[in-house]
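Colleague: First the structure, then my questions, so here it is.
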Amino acid sequence: MDIIEIKNLCKEYRGKEEPALKNINISIKEGEAFGLLGPNGAGKTTMVRLILNILKPTNGTIKVFDVDVTTKEYDKKRKKIGFMLESLGVSYILTGYENMEFFDRIYYEDSSPSERKERIESLLTFAGLWKVKDKPVATYSHGMTRRLTLARALICDPTLIFLDEPTLGLDPEARTLIREMLLALKKEGKTIFLTSHDLEEVEKICSNIAIINHGEMVAQGSYEELKSRFSAKRTVVKVKEIGPWVEELSKEMKIEIDGNTIYIEGNDSGRIFEVLAKTGVKVQEMKTEEEGLEDLYLKLLRSEPEIRKGLVTRALKGVKR
């Protein structure tokens with residue numbers, strides 16, 4: 001069952017020449033972790049706000065739980081949706097417990113004090129914040145505040161959770177803690193809609209990935225599907241030092257250089273050995289590897305004009321043709 005179905009979605013802002021979103025088509029199944037990637041200004045946050053009915057679409061339809069998000073019926077369905085937006089939405093004056101209690105009373109007006117405490121304790125323990133529950137949020141680190149915001153998003157025991165840049169601005173340790181929470185939610189069968197700049201995070205958590213740029217869909221599918229369609233093997237060559245021979249090598253092959261490491265497109269070892277020998281390169285180490293999600297992401301963004309012209313759109317899943 002598709003828990004989210006987006007068809008031909010467009011969003012225009014008054015005074016802006018270019019639409020924020022153009023003909024977006026996405027289907028997300030129940031229990032799936034979906035990752036939305038794109039550079040700043042690509043339209044990720046706009047899409048989340050449209051799905052939550054914070055913004056209204058210019059054209060197209062969005063259905064969540066098989067209900068149009070612009071209808072009154074959707075208001076009832078929203079009780080099973082949790083969201084953690086880029087703006088944190090917690091009070092820094094209140095304690096962690098008081099913040100949770102405030103939102104708990106919204107969802108469970110008739111709950112008994114013992115039930116409320118049990119629910120809040122469970123979520124703050126999950127977020128690793130129970131020991132600091134009585135401290136004002138103003139004393140929390142940024143990572144702790146983000147975990148509190150995620151715990152708050154789970155108060156309604158949501159079926160669907162929206163997470164807009166949940167690890168933005170966090171140090172590696174704090175990012176790891178958030179990632180562990182998300183993996184636990186995925187294991188529980190929650191449907192996750194994640195926007196992120198953290199490609200490692202998306203690769204580890206999400207089974208379905210979409211890449212957008214300038215408001216348009218560039219590609220959609222699982223990481224393995226995208227890799228099979230667009231990824232290519234490359235040869236990694238480590239040398240003692242980079243010399244003038246690099247210019248000659250670049251005439252023979254498509255290369256990228258990072259320090260003393262040369263990345264050569266393709267894995268034709270015979271041809272690569274021949275060219276390296278001709279240019280006089282002293283190789284310290286050479287191996288073949290597949291491109292990771294970051295390489296794939298950057299390649300797709302660079303090749304987006306070609307994709308829009310239809311040169312490879314037939315290989316894309318979920319894009320309107």
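Residue numbering restarts at 1 for every chain of the structure tokens, chains are lettered A, B, ... in their displayed order, and ligands are numbered from 1 as they appear.
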Applying 10 Å and only C-alpha atoms, which residues near A:Thr288 remain after dropping the ones on its own chain fewer than 6 positions away? List them as a PyMOL selection string.

Modeller: chain A and resi 233-237+263-269

Colleague: Mind dumping the selected residues with C-alpha atoms as a tab-separated table (two decimals), in the first residue's frame?

Modeller:
chain	number	residue	atom	x	y	z
A	233	LYS	CA	33.36	1.40	-11.77
A	234	ARG	CA	36.47	3.50	-11.50
A	235	THR	CA	40.15	2.86	-10.97
A	236	VAL	CA	41.90	4.48	-8.02
A	237	VAL	CA	45.61	5.12	-8.50
A	263	TYR	CA	40.44	8.60	-9.95
A	264	ILE	CA	40.16	7.21	-13.49
A	265	GLU	CA	36.76	6.52	-15.02
A	266	GLY	CA	36.39	2.85	-15.98
A	267	ASN	CA	38.13	-0.40	-14.99
A	268	ASP	CA	39.88	-1.50	-18.17
A	269	SER	CA	43.12	-2.41	-16.40

Colleague: Would you kindly return, as a ChimeraX atom specification, each protein, DNA or RNA residue with an atom no farther than 10 Å from any atom of A:Lys29, considering only C-alpha atoms and excluding same-chain residues fewer than 5 positions away?

Modeller: /A:1-5,34,191-192,208

Colleague: May I have the residues from that selection written out with N, CA, C and O atoms, as a compact mmCIF listing (two decimals), in the first residue's frame?

Modeller:
# COMPACT_ATOMS: atom_id res chain seq x y z
N MET A 1 0.84 -1.20 0.00
CA MET A 1 0.00 0.00 0.00
C MET A 1 0.88 1.25 0.00
O MET A 1 1.84 1.35 0.74
N ASP A 2 0.53 2.21 -0.88
CA ASP A 2 1.24 3.49 -0.92
C ASP A 2 0.69 4.40 0.18
O ASP A 2 -0.48 4.74 0.17
N ILE A 3 1.55 4.75 1.12
CA ILE A 3 1.12 5.63 2.21
C ILE A 3 1.17 7.10 1.76
O ILE A 3 0.43 7.94 2.26
N ILE A 4 2.05 7.40 0.80
CA ILE A 4 2.11 8.73 0.19
C ILE A 4 2.11 8.56 -1.33
O ILE A 4 2.86 7.75 -1.87
N GLU A 5 1.26 9.32 -1.99
CA GLU A 5 1.20 9.30 -3.45
C GLU A 5 1.14 10.74 -3.95
O GLU A 5 0.19 11.47 -3.67
N PHE A 34 12.14 6.59 3.20
CA PHE A 34 12.33 7.33 1.96
C PHE A 34 13.26 8.51 2.21
O PHE A 34 13.06 9.28 3.15
N THR A 191 6.95 4.41 8.82
CA THR A 191 7.27 4.98 7.51
C THR A 191 8.00 6.29 7.75
O THR A 191 7.51 7.17 8.47
N ILE A 192 9.17 6.43 7.16
CA ILE A 192 10.03 7.59 7.39
C ILE A 192 10.22 8.36 6.09
O ILE A 192 10.55 7.79 5.05
N ASN A 208 14.51 3.75 -0.29
CA ASN A 208 14.05 4.43 -1.50
C ASN A 208 14.60 5.84 -1.47
O ASN A 208 14.49 6.53 -0.45

Colleague: Give me the residues within 9 Å of A:Arg179 as a VMD selection string, counting only C-alpha atoms and dropping any in the same chain fewer than 3 places off.

Modeller: chain A and resid 167 174 to 176 182 to 184 201 204 to 205

Colleague: Write the residues you've just listed into a file as a PDB file, in the first residue's frame, and include C-alpha atoms for each of them.

Modeller:
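Produced file part_16.pdb, reproduced below:
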ATOM      1  CA  THR A 167      21.157  15.984  11.854  1.00  0.00           C
ATOM      2  CA  ALA A 174      25.287  13.513  17.951  1.00  0.00           C
ATOM      3  CA  ARG A 175      24.616  12.484  14.337  1.00  0.00           C
ATOM      4  CA  THR A 176      25.301   8.871  15.244  1.00  0.00           C
ATOM      5  CA  LEU A 182      16.007   6.439  13.120  1.00  0.00           C
ATOM      6  CA  LEU A 183      17.220   2.890  12.498  1.00  0.00           C
ATOM      7  CA  ALA A 184      15.258   1.745  15.562  1.00  0.00           C
ATOM      8  CA  GLU A 201      22.784   8.771   6.686  1.00  0.00           C
ATOM      9  CA  LYS A 204      22.250   3.573   5.730  1.00  0.00           C
ATOM     10  CA  ILE A 205      18.617   4.313   6.565  1.00  0.00           C
TER      11      ILE A 205
END

Colleague: Using the chain letters and numbers from this document, which residues of stretch 25-211 of chain A does DSSP assign to alpha helix (DSSP H), as a ChimeraX atom specification?

Modeller: /A:44-51,73-77,96-107,113-126,142-153,172-187,199-205

Colleague: Set out as JSON lines a contact list for stretch 177-223 of chain A and stretch 6-25 of chain A with a cut-off of 8 Å, giving each residue of stretch 177-223 of chain A that qualifies its closest atom pair and distance in Å to one decimal, counting only C-alpha atoms, ordered by chain and rising residue number.

Modeller:
{"residue": "A:His214", "atom": "CA", "partner": "A:Ala20", "partner_atom": "CA", "distance": 7.2}
{"residue": "A:Gly215", "atom": "CA", "partner": "A:Leu21", "partner_atom": "CA", "distance": 4.0}
{"residue": "A:Glu216", "atom": "CA", "partner": "A:Lys22", "partner_atom": "CA", "distance": 5.4}
{"residue": "A:Met217", "atom": "CA", "partner": "A:Ile24", "partner_atom": "CA", "distance": 6.2}

Colleague: Let me see the file: selected residues, N, CA and C atoms, as a PDB file, in the first residue's frame.

Modeller:
ATOM      1  N   HIS A 214      16.656  22.122  -8.525  1.00  0.00           N
ATOM      2  CA  HIS A 214      15.883  23.188  -9.176  1.00  0.00           C
ATOM      3  C   HIS A 214      14.404  22.828  -9.256  1.00  0.00           C
ATOM      4  N   GLY A 215      13.910  22.122  -8.232  1.00  0.00           N
ATOM      5  CA  GLY A 215      12.493  21.787  -8.175  1.00  0.00           C
ATOM      6  C   GLY A 215      12.061  20.637  -9.053  1.00  0.00           C
ATOM      7  N   GLU A 216      13.000  19.988  -9.730  1.00  0.00           N
ATOM      8  CA  GLU A 216      12.664  18.894 -10.633  1.00  0.00           C
ATOM      9  C   GLU A 216      13.260  17.582 -10.158  1.00  0.00           C
ATOM     10  N   MET A 217      12.557  16.477 -10.438  1.00  0.00           N
ATOM     11  CA  MET A 217      13.061  15.166 -10.098  1.00  0.00           C
ATOM     12  C   MET A 217      14.209  14.805 -11.040  1.00  0.00           C
TER      13      MET A 217
END

Colleague: Counting only C-alpha atoms, which of A:Thr261, A:Ile255, A:Trp245, A:Lys63 gets nearest to A:Gly280?

Modeller: A:Trp245

Colleague: Restricting the calculation to only C-alpha atoms, which member of A:Gly243, A:Lys238, A:Leu276, A:Ile178 is positioned closest to A:Ile262?

Modeller: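 The closest residue to A:Ile262 is A:Lys238.
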